[in-house]
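What follows is upload-v7.txt (compact mmCIF, C-alpha atoms (C1' of nucleotides)).
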# COMPACT_ATOMS: atom_id res chain seq x y z
CA MET A 1 12.37 29.30 74.64
CA THR A 2 12.58 26.57 77.24
CA TYR A 3 16.27 25.88 76.58
CA GLN A 4 16.99 28.88 78.83
CA THR A 5 16.00 26.81 81.85
CA THR A 6 18.04 23.86 80.60
CA LEU A 7 21.16 25.94 80.05
CA VAL A 8 20.95 27.47 83.52
CA ALA A 9 20.37 24.06 85.07
CA LEU A 10 23.38 22.46 83.39
CA ALA A 11 25.69 25.43 83.84
CA ASP A 12 26.22 24.65 87.51
CA PRO A 13 28.89 21.95 87.92
CA THR A 14 27.35 20.26 90.95
CA ARG A 15 23.97 20.11 89.27
CA ARG A 16 25.48 18.77 86.08
CA ARG A 17 27.27 16.03 88.02
CA LEU A 18 23.97 15.04 89.61
CA PHE A 19 22.34 14.89 86.20
CA GLU A 20 25.20 12.84 84.77
CA ARG A 21 24.88 10.38 87.60
CA LEU A 22 21.14 10.05 87.01
CA ARG A 23 21.59 9.28 83.36
CA ARG A 24 22.74 5.71 84.12
CA ARG A 25 20.40 4.57 86.88
CA PRO A 26 17.90 6.01 89.36
CA HIS A 27 19.12 7.29 92.73
CA THR A 28 17.40 8.44 95.88
CA VAL A 29 17.99 11.93 97.25
CA GLY A 30 19.98 10.52 100.14
CA GLU A 31 22.25 8.52 97.88
CA LEU A 32 22.95 11.58 95.78
CA ALA A 33 23.75 13.67 98.85
CA ARG A 34 26.18 11.07 100.10
CA LEU A 35 27.84 10.64 96.70
CA ALA A 36 28.10 14.36 95.99
CA ALA A 37 29.29 15.12 99.52
CA ILE A 38 26.83 17.96 100.02
CA SER A 39 23.84 18.30 102.33
CA GLN A 40 20.53 16.69 101.48
CA PRO A 41 18.72 20.05 101.22
CA ALA A 42 21.30 21.22 98.71
CA VAL A 43 20.55 18.15 96.61
CA SER A 44 16.79 18.72 96.89
CA GLN A 45 17.24 22.28 95.68
CA HIS A 46 19.32 21.17 92.72
CA LEU A 47 16.81 18.47 91.86
CA ARG A 48 14.04 21.04 91.79
CA VAL A 49 15.96 23.07 89.21
CA LEU A 50 16.67 19.95 87.17
CA ARG A 51 13.00 18.96 87.37
CA GLN A 52 11.82 22.36 86.17
CA ALA A 53 14.19 22.00 83.24
CA ARG A 54 12.68 18.57 82.54
CA LEU A 55 16.13 17.04 82.81
CA VAL A 56 15.06 14.60 85.54
CA GLY A 57 11.91 12.98 86.84
CA HIS A 58 11.16 10.83 89.85
CA ARG A 59 9.12 7.86 91.02
CA GLN A 60 7.96 7.66 94.60
CA ASP A 61 8.31 4.46 96.63
CA GLY A 62 7.24 4.97 100.20
CA THR A 63 9.27 7.75 101.70
CA ARG A 64 11.93 7.45 99.04
CA ARG A 65 12.00 9.14 95.67
CA PHE A 66 13.96 7.61 92.87
CA TYR A 67 15.20 10.29 90.54
CA GLN A 68 16.45 9.60 87.03
CA ALA A 69 17.28 11.49 83.87
CA THR A 70 14.59 12.33 81.33
CA PRO A 71 15.14 13.17 77.65
CA ALA A 72 12.82 16.18 77.38
CA GLY A 73 15.23 18.82 78.67
CA LEU A 74 18.16 17.58 76.64
CA ALA A 75 15.93 17.46 73.58
CA ASP A 76 15.10 21.15 74.07
CA LEU A 77 18.76 22.00 74.17
CA LYS A 78 19.56 19.80 71.18
CA ARG A 79 16.92 21.59 69.14
CA TYR A 80 18.35 24.95 70.15
CA LEU A 81 21.87 23.96 69.13
CA GLU A 82 20.67 22.61 65.82
CA SER A 83 18.75 25.81 65.13
CA MET A 84 21.98 27.78 65.62
CA TRP A 85 24.33 25.41 63.89
CA ASP A 86 23.72 26.20 60.22
CA ASP A 87 23.89 29.95 60.70
CA VAL A 88 27.10 29.70 62.69
CA LEU A 89 28.71 27.44 60.12
CA GLY A 90 27.62 29.84 57.40
CA ALA A 91 29.11 32.82 59.19
CA TYR A 92 32.32 30.94 59.72
CA ALA A 93 32.45 29.84 56.09
CA ARG A 94 32.19 33.45 54.93
CA SER A 95 35.01 34.58 57.24
CA PRO A 96 36.84 31.57 58.56
CA GLU A 97 39.68 32.94 60.63
CA PRO A 98 38.58 35.44 63.21
CA ARG A 99 41.05 35.51 66.10
CA SER A 100 39.44 33.98 69.14
CA MET B 101 35.47 19.26 79.75
CA THR B 102 35.38 22.53 77.87
CA TYR B 103 31.59 22.47 77.52
CA GLN B 104 31.47 23.84 81.08
CA THR B 105 32.63 27.22 79.78
CA THR B 106 30.17 27.05 76.91
CA LEU B 107 27.22 26.25 79.17
CA VAL B 108 28.04 29.11 81.53
CA ALA B 109 28.49 31.50 78.61
CA LEU B 110 25.14 30.65 77.03
CA ALA B 111 23.20 30.49 80.29
CA ASP B 112 23.11 34.27 80.60
CA PRO B 113 20.24 35.68 78.50
CA THR B 114 22.01 38.88 77.50
CA ARG B 115 25.10 36.99 76.44
CA ARG B 116 23.05 34.46 74.52
CA ARG B 117 21.25 37.27 72.67
CA LEU B 118 24.63 38.72 71.70
CA PHE B 119 25.76 35.35 70.43
CA GLU B 120 22.56 34.84 68.47
CA ARG B 121 23.00 38.20 66.84
CA LEU B 122 26.57 37.36 65.86
CA ARG B 123 25.55 34.12 64.21
CA ARG B 124 24.18 35.96 61.16
CA ARG B 125 26.73 38.67 60.51
CA PRO B 126 29.67 40.39 62.20
CA HIS B 127 29.04 43.37 64.47
CA THR B 128 31.28 45.86 66.19
CA VAL B 129 31.23 46.26 69.96
CA GLY B 130 29.53 49.63 69.66
CA GLU B 131 26.78 48.27 67.44
CA LEU B 132 26.11 45.48 69.90
CA ALA B 133 25.95 47.91 72.82
CA ARG B 134 23.45 50.09 70.99
CA LEU B 135 21.31 47.13 69.91
CA ALA B 136 21.32 45.43 73.31
CA ALA B 137 20.73 48.71 75.14
CA ILE B 138 23.51 48.14 77.63
CA SER B 139 26.80 49.96 78.15
CA GLN B 140 29.81 49.27 75.95
CA PRO B 141 31.89 47.88 78.82
CA ALA B 142 29.12 45.42 79.64
CA VAL B 143 29.25 44.20 76.05
CA SER B 144 33.05 43.93 76.15
CA GLN B 145 32.80 41.82 79.29
CA HIS B 146 30.22 39.52 77.73
CA LEU B 147 32.32 39.18 74.61
CA ARG B 148 35.30 38.13 76.66
CA VAL B 149 33.29 35.30 78.18
CA LEU B 150 31.99 34.28 74.75
CA ARG B 151 35.55 34.38 73.38
CA GLN B 152 36.88 32.17 76.16
CA ALA B 153 34.11 29.70 75.34
CA ARG B 154 35.17 29.84 71.67
CA LEU B 155 31.65 30.88 70.75
CA VAL B 156 32.82 34.06 69.00
CA GLY B 157 35.95 35.42 67.38
CA HIS B 158 36.86 38.83 66.05
CA ARG B 159 38.72 40.54 63.27
CA GLN B 160 40.32 43.93 63.85
CA ASP B 161 39.93 46.79 61.38
CA GLY B 162 41.55 49.98 62.67
CA THR B 163 40.01 50.79 66.02
CA ARG B 164 37.01 48.62 65.37
CA ARG B 165 36.65 44.93 66.12
CA PHE B 166 34.18 42.88 64.15
CA TYR B 167 32.92 40.04 66.25
CA GLN B 168 31.16 37.01 64.82
CA ALA B 169 30.08 33.55 65.89
CA THR B 170 32.49 30.62 65.66
CA PRO B 171 31.55 26.93 65.54
CA ALA B 172 34.11 25.59 68.04
CA GLY B 173 32.17 26.32 71.23
CA LEU B 174 28.88 25.04 69.89
CA ALA B 175 30.65 21.92 68.66
CA ASP B 176 31.92 21.27 72.19
CA LEU B 177 28.39 21.50 73.51
CA LYS B 178 26.99 19.33 70.74
CA ARG B 179 29.50 16.64 71.55
CA TYR B 180 28.57 16.79 75.21
CA LEU B 181 24.85 16.46 74.47
CA GLU B 182 25.45 13.56 72.14
CA SER B 183 27.57 11.80 74.75
CA MET B 184 24.67 12.05 77.22
CA TRP B 185 21.88 11.28 74.80
CA ASP B 186 22.08 7.50 74.48
CA ASP B 187 22.35 6.92 78.22
CA VAL B 188 19.42 9.22 78.93
CA LEU B 189 17.27 7.56 76.31
CA GLY B 190 18.22 4.17 77.72
CA ALA B 191 17.29 5.19 81.26
CA TYR B 192 14.01 6.56 80.02
CA ALA B 193 13.28 3.41 78.02
CA ARG B 194 13.75 1.27 81.13
CA SER B 195 11.39 3.43 83.18
CA PRO B 196 9.45 5.71 80.92
CA GLU B 197 7.07 7.60 83.18
CA PRO B 198 8.74 9.27 86.09
CA ARG B 199 6.71 12.24 87.26
CA SER B 200 8.55 15.39 86.37
C1' DA C 201 49.79 68.05 67.42
C1' DG C 202 45.16 67.90 69.28
C1' DC C 203 40.38 66.00 69.25
C1' DT C 204 37.41 62.32 68.61
C1' DT C 205 36.12 57.48 68.10
C1' DA C 206 36.42 52.63 69.43
C1' DT C 207 37.35 49.25 72.73
C1' DA C 208 39.39 47.09 76.73
C1' DT C 209 40.21 47.06 81.74
C1' DA C 210 39.50 48.64 86.76
C1' DA C 211 36.73 49.44 90.63
C1' DG C 212 32.51 49.41 92.99
C1' DC C 213 27.71 47.92 93.86
C1' DA C 214 23.36 45.50 94.09
C1' DA C 215 21.19 41.24 92.91
C1' DT C 216 21.47 36.40 92.42
C1' DG C 217 22.56 31.84 93.82
C1' DA C 218 24.66 27.84 95.99
C1' DC C 219 25.38 26.37 100.20
C1' DT C 220 24.33 25.71 105.35
C1' DT C 221 21.28 24.66 109.66
C1' DA C 222 16.64 24.37 111.37
C1' DC C 223 12.31 22.63 110.74
C1' DC C 224 8.25 20.14 108.86
C1' DA C 225 5.26 16.26 107.06
C1' DA C 226 4.75 11.72 105.59
C1' DA C 227 5.65 6.91 105.53
C1' DC C 228 7.89 3.04 107.61
C1' DG C 229 9.25 -0.41 111.50
C1' DA C 230 9.59 -2.06 116.38
C1' DT D 231 1.87 4.27 119.10
C1' DC D 232 6.26 6.10 119.05
C1' DG D 233 10.71 6.80 117.30
C1' DT D 234 13.26 6.75 112.84
C1' DT D 235 14.02 7.50 108.13
C1' DT D 236 13.31 10.23 104.01
C1' DG D 237 12.99 14.34 101.63
C1' DG D 238 10.95 18.93 100.85
C1' DT D 239 10.82 23.93 102.47
C1' DA D 240 12.44 28.22 105.18
C1' DA D 241 15.79 31.36 106.49
C1' DG D 242 20.31 33.09 106.68
C1' DT D 243 25.19 33.65 104.86
C1' DC D 244 28.88 34.26 101.74
C1' DA D 245 30.77 34.31 97.06
C1' DT D 246 29.81 35.26 92.38
C1' DT D 247 28.29 38.01 88.70
C1' DG D 248 26.26 41.38 85.66
C1' DC D 249 25.89 45.88 85.55
C1' DT D 250 27.58 50.80 86.11
C1' DT D 251 31.03 54.85 85.90
C1' DA D 252 35.81 56.03 85.46
C1' DT D 253 40.05 55.44 83.18
C1' DA D 254 43.60 53.89 79.74
C1' DT D 255 45.18 52.90 74.98
C1' DA D 256 45.25 53.02 70.26
C1' DA D 257 43.81 54.47 65.79
C1' DG D 258 41.46 57.78 62.83
C1' DC D 259 40.61 62.75 61.37
C1' DT D 260 41.43 67.88 60.68
Please re-express this file's structure in structure tokens.
Amino acid sequence: MTYQTTLVALADPTRRRLFERLRRRPHTVGELARLAAISQPAVSQHLRVLRQARLVGHRQDGTRRFYQATPAGLADLKRYLESMWDDVLGAYARSPEPRS
Amino acid sequence: MTYQTTLVALADPTRRRLFERLRRRPHTVGELARLAAISQPAVSQHLRVLRQARLVGHRQDGTRRFYQATPAGLADLKRYLESMWDDVLGAYARSPEPRS
DNA sequence: AGCTTATATAAGCAATGACTTACCAAACGA
DNA sequence: TCGTTTGGTAAGTCATTGCTTATATAAGCT
């Protein structure tokens, strides 16, 4: 049931942009704050949520922390989607044209 | 960029439970309200969000509307996850043990 | 026609959440 | 050692949101 945390974490646009940035290379908190044009505490708070969802991790180097994306959270969400997928396709196959 | 809507829709636990119920068989709004133990308007509001995310659709039969899950929204989210996956795995491969 | 059933929308409210500024501790550099 | 940099936490504010009750509409039923 851990995909709940992941969904909440990724549902916020700012937080998702942070995560997307961290999927390519590590960034420090300060870098992220500058790039996202929000305050450093705001970034720290978002990173805590992303950490709890296991979407990011960090390495410490002196006073700086290098955050980067981690596969665990995404894997949780992938598993959830896959567990839904067959049932949803089945339902749709039985009755393919419900108005949206 | 439509996965934004999907993420927000599925992030709410009540709404996700409604969606999960609709993945097996169609339900009317009244049935859902009774099963979820919330008011009918609350269900209608959740269903609107799920509709906008293309996670559910409905068929009308007299005064009743049979809602059921639809693959489009989930497909959006699947695509998004897959587009992230390789980069995240790559980042993790380069630096595999960041503290969470 | 009148009554009931089914659902959507409107309005209001209390809780949550995403930001801000203020502050703190820890590690660096002169 | 002292001032600076870095980032986490605390507290407060404002907007959002998930619920409720009230209301409107449309389709059965007698």
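Take CA of Val8 (chain A) and CA of Thr106 (chain B): the distance between them is 11.4 Å.
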Check: CA of Tyr192 (chain B) to CA of Arg23 (chain A): how many Å, to one decimal?
Finding: 8.7 Å
Next item on the list: Return as a list in words the residues belonging to chain B that are within 7 Å of chain A, counting only C-alpha atoms.
Entry: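 Here is what falls inside 7 Å: Gln104, Leu107, Val108, Leu110, Ala111, Arg123, Arg124, Arg125, Arg151, Arg154, Val156, Gly157, His158, Arg159, Ala169, Thr170, Pro171, Asp187, Val188, Leu189, Ala191, Tyr192, Pro198, Arg199 and Ser200 of chain B.
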Check: If we count all atoms listed in the file, which residues of chain A reach to within 9 Å of chain C? Please list them as a list of chain:residue names.
Finding: A:Ile38, A:Ser39, A:Pro41, A:Ala42, A:Gly62, A:Thr63
For the interface of chain A with chain D (cut-off 8 Å, counting only C-alpha atoms (C1' of nucleotides)), please tabulate each contacting residue of chain A alongside its nearest pair of atoms and their separation in Å to one decimal, rows sorted by chain and increasing number, as a Markdown table.
| residue | atom | partner | partner_atom | distance |
| --- | --- | --- | --- | --- |
| A:Val29 | CA | D:DG237 | C1' | 7.1 |
| A:Gly30 | CA | D:DT236 | C1' | 7.7 |
| A:Gln40 | CA | D:DG237 | C1' | 7.9 |
| A:Pro41 | CA | D:DG238 | C1' | 7.9 |
| A:Ser44 | CA | D:DG238 | C1' | 7.1 |
| A:Thr63 | CA | D:DT236 | C1' | 5.3 |
| A:Arg64 | CA | D:DT236 | C1' | 5.9 |
| A:Arg65 | CA | D:DG237 | C1' | 8.0 |
Could you write out chain B as a PDB file with C-alpha atoms, in the coordinates of the input once it has been least-squares superposed on chain A using every ordered C-alpha pair?
ATOM      1  CA  MET B 101      12.398  29.279  74.632  1.00  0.00           C
ATOM      2  CA  THR B 102      12.565  26.558  77.241  1.00  0.00           C
ATOM      3  CA  TYR B 103      16.249  25.859  76.584  1.00  0.00           C
ATOM      4  CA  GLN B 104      16.981  28.861  78.824  1.00  0.00           C
ATOM      5  CA  THR B 105      16.004  26.789  81.859  1.00  0.00           C
ATOM      6  CA  THR B 106      18.029  23.850  80.603  1.00  0.00           C
ATOM      7  CA  LEU B 107      21.159  25.934  80.047  1.00  0.00           C
ATOM      8  CA  VAL B 108      20.954  27.468  83.515  1.00  0.00           C
ATOM      9  CA  ALA B 109      20.361  24.055  85.079  1.00  0.00           C
ATOM     10  CA  LEU B 110      23.367  22.448  83.399  1.00  0.00           C
ATOM     11  CA  ALA B 111      25.699  25.410  83.855  1.00  0.00           C
ATOM     12  CA  ASP B 112      26.210  24.636  87.534  1.00  0.00           C
ATOM     13  CA  PRO B 113      28.901  21.947  87.937  1.00  0.00           C
ATOM     14  CA  THR B 114      27.345  20.274  90.962  1.00  0.00           C
ATOM     15  CA  ARG B 115      23.967  20.103  89.289  1.00  0.00           C
ATOM     16  CA  ARG B 116      25.476  18.773  86.088  1.00  0.00           C
ATOM     17  CA  ARG B 117      27.287  16.038  88.037  1.00  0.00           C
ATOM     18  CA  LEU B 118      23.971  15.046  89.615  1.00  0.00           C
ATOM     19  CA  PHE B 119      22.348  14.892  86.211  1.00  0.00           C
ATOM     20  CA  GLU B 120      25.190  12.842  84.774  1.00  0.00           C
ATOM     21  CA  ARG B 121      24.877  10.388  87.606  1.00  0.00           C
ATOM     22  CA  LEU B 122      21.142  10.048  87.021  1.00  0.00           C
ATOM     23  CA  ARG B 123      21.600   9.279  83.352  1.00  0.00           C
ATOM     24  CA  ARG B 124      22.729   5.713  84.113  1.00  0.00           C
ATOM     25  CA  ARG B 125      20.401   4.589  86.867  1.00  0.00           C
ATOM     26  CA  PRO B 126      17.902   6.016  89.352  1.00  0.00           C
ATOM     27  CA  HIS B 127      19.126   7.284  92.717  1.00  0.00           C
ATOM     28  CA  THR B 128      17.399   8.453  95.852  1.00  0.00           C
ATOM     29  CA  VAL B 129      17.992  11.935  97.231  1.00  0.00           C
ATOM     30  CA  GLY B 130      19.968  10.532 100.141  1.00  0.00           C
ATOM     31  CA  GLU B 131      22.245   8.517  97.884  1.00  0.00           C
ATOM     32  CA  LEU B 132      22.953  11.581  95.786  1.00  0.00           C
ATOM     33  CA  ALA B 133      23.746  13.670  98.862  1.00  0.00           C
ATOM     34  CA  ARG B 134      26.186  11.060 100.121  1.00  0.00           C
ATOM     35  CA  LEU B 135      27.853  10.644  96.722  1.00  0.00           C
ATOM     36  CA  ALA B 136      28.126  14.368  96.006  1.00  0.00           C
ATOM     37  CA  ALA B 137      29.283  15.135  99.546  1.00  0.00           C
ATOM     38  CA  ILE B 138      26.817  17.952 100.036  1.00  0.00           C
ATOM     39  CA  SER B 139      23.827  18.269 102.352  1.00  0.00           C
ATOM     40  CA  GLN B 140      20.496  16.665 101.510  1.00  0.00           C
ATOM     41  CA  PRO B 141      18.688  20.004 101.226  1.00  0.00           C
ATOM     42  CA  ALA B 142      21.281  21.198  98.725  1.00  0.00           C
ATOM     43  CA  VAL B 143      20.550  18.126  96.622  1.00  0.00           C
ATOM     44  CA  SER B 144      16.790  18.680  96.899  1.00  0.00           C
ATOM     45  CA  GLN B 145      17.243  22.244  95.688  1.00  0.00           C
ATOM     46  CA  HIS B 146      19.346  21.140  92.732  1.00  0.00           C
ATOM     47  CA  LEU B 147      16.825  18.469  91.857  1.00  0.00           C
ATOM     48  CA  ARG B 148      14.055  21.020  91.799  1.00  0.00           C
ATOM     49  CA  VAL B 149      15.954  23.062  89.234  1.00  0.00           C
ATOM     50  CA  LEU B 150      16.675  19.943  87.173  1.00  0.00           C
ATOM     51  CA  ARG B 151      12.992  18.966  87.379  1.00  0.00           C
ATOM     52  CA  GLN B 152      11.830  22.373  86.188  1.00  0.00           C
ATOM     53  CA  ALA B 153      14.202  22.004  83.242  1.00  0.00           C
ATOM     54  CA  ARG B 154      12.681  18.569  82.539  1.00  0.00           C
ATOM     55  CA  LEU B 155      16.133  17.044  82.817  1.00  0.00           C
ATOM     56  CA  VAL B 156      15.066  14.600  85.542  1.00  0.00           C
ATOM     57  CA  GLY B 157      11.901  12.987  86.828  1.00  0.00           C
ATOM     58  CA  HIS B 158      11.170  10.853  89.850  1.00  0.00           C
ATOM     59  CA  ARG B 159       9.137   7.907  90.991  1.00  0.00           C
ATOM     60  CA  GLN B 160       7.979   7.671  94.595  1.00  0.00           C
ATOM     61  CA  ASP B 161       8.322   4.472  96.615  1.00  0.00           C
ATOM     62  CA  GLY B 162       7.219   4.971 100.220  1.00  0.00           C
ATOM     63  CA  THR B 163       9.266   7.787 101.680  1.00  0.00           C
ATOM     64  CA  ARG B 164      11.918   7.473  99.034  1.00  0.00           C
ATOM     65  CA  ARG B 165      12.002   9.188  95.663  1.00  0.00           C
ATOM     66  CA  PHE B 166      13.967   7.633  92.852  1.00  0.00           C
ATOM     67  CA  TYR B 167      15.203  10.308  90.532  1.00  0.00           C
ATOM     68  CA  GLN B 168      16.442   9.615  87.023  1.00  0.00           C
ATOM     69  CA  ALA B 169      17.301  11.498  83.861  1.00  0.00           C
ATOM     70  CA  THR B 170      14.599  12.343  81.325  1.00  0.00           C
ATOM     71  CA  PRO B 171      15.138  13.169  77.645  1.00  0.00           C
ATOM     72  CA  ALA B 172      12.813  16.189  77.374  1.00  0.00           C
ATOM     73  CA  GLY B 173      15.225  18.834  78.661  1.00  0.00           C
ATOM     74  CA  LEU B 174      18.161  17.582  76.643  1.00  0.00           C
ATOM     75  CA  ALA B 175      15.937  17.461  73.573  1.00  0.00           C
ATOM     76  CA  ASP B 176      15.091  21.141  74.063  1.00  0.00           C
ATOM     77  CA  LEU B 177      18.770  21.981  74.162  1.00  0.00           C
ATOM     78  CA  LYS B 178      19.562  19.805  71.166  1.00  0.00           C
ATOM     79  CA  ARG B 179      16.924  21.585  69.149  1.00  0.00           C
ATOM     80  CA  TYR B 180      18.345  24.943  70.143  1.00  0.00           C
ATOM     81  CA  LEU B 181      21.881  23.955  69.133  1.00  0.00           C
ATOM     82  CA  GLU B 182      20.685  22.604  65.825  1.00  0.00           C
ATOM     83  CA  SER B 183      18.767  25.803  65.123  1.00  0.00           C
ATOM     84  CA  MET B 184      21.981  27.799  65.632  1.00  0.00           C
ATOM     85  CA  TRP B 185      24.331  25.423  63.880  1.00  0.00           C
ATOM     86  CA  ASP B 186      23.710  26.198  60.213  1.00  0.00           C
ATOM     87  CA  ASP B 187      23.885  29.958  60.691  1.00  0.00           C
ATOM     88  CA  VAL B 188      27.100  29.696  62.684  1.00  0.00           C
ATOM     89  CA  LEU B 189      28.702  27.444  60.114  1.00  0.00           C
ATOM     90  CA  GLY B 190      27.612  29.836  57.381  1.00  0.00           C
ATOM     91  CA  ALA B 191      29.105  32.836  59.173  1.00  0.00           C
ATOM     92  CA  TYR B 192      32.311  30.938  59.712  1.00  0.00           C
ATOM     93  CA  ALA B 193      32.446  29.839  56.075  1.00  0.00           C
ATOM     94  CA  ARG B 194      32.183  33.455  54.923  1.00  0.00           C
ATOM     95  CA  SER B 195      35.001  34.568  57.216  1.00  0.00           C
ATOM     96  CA  PRO B 196      36.841  31.576  58.531  1.00  0.00           C
ATOM     97  CA  GLU B 197      39.680  32.964  60.619  1.00  0.00           C
ATOM     98  CA  PRO B 198      38.591  35.441  63.211  1.00  0.00           C
ATOM     99  CA  ARG B 199      41.048  35.521  66.086  1.00  0.00           C
ATOM    100  CA  SER B 200      39.433  33.973  69.102  1.00  0.00           C
TER     101      SER B 200
END
Check: Between CA of Val43 (chain A) and CA of Tyr80 (chain A), what is the spacing in Å?
Finding: 27.4 Å
Item checked: Residue neighbourhood Ala36 (chain A), 9 Å, only C-alpha atoms (C1' of nucleotides), exclusion window fewer than 5 positions, as number ranges by chain -> A: 14, 17-18, 31, 43
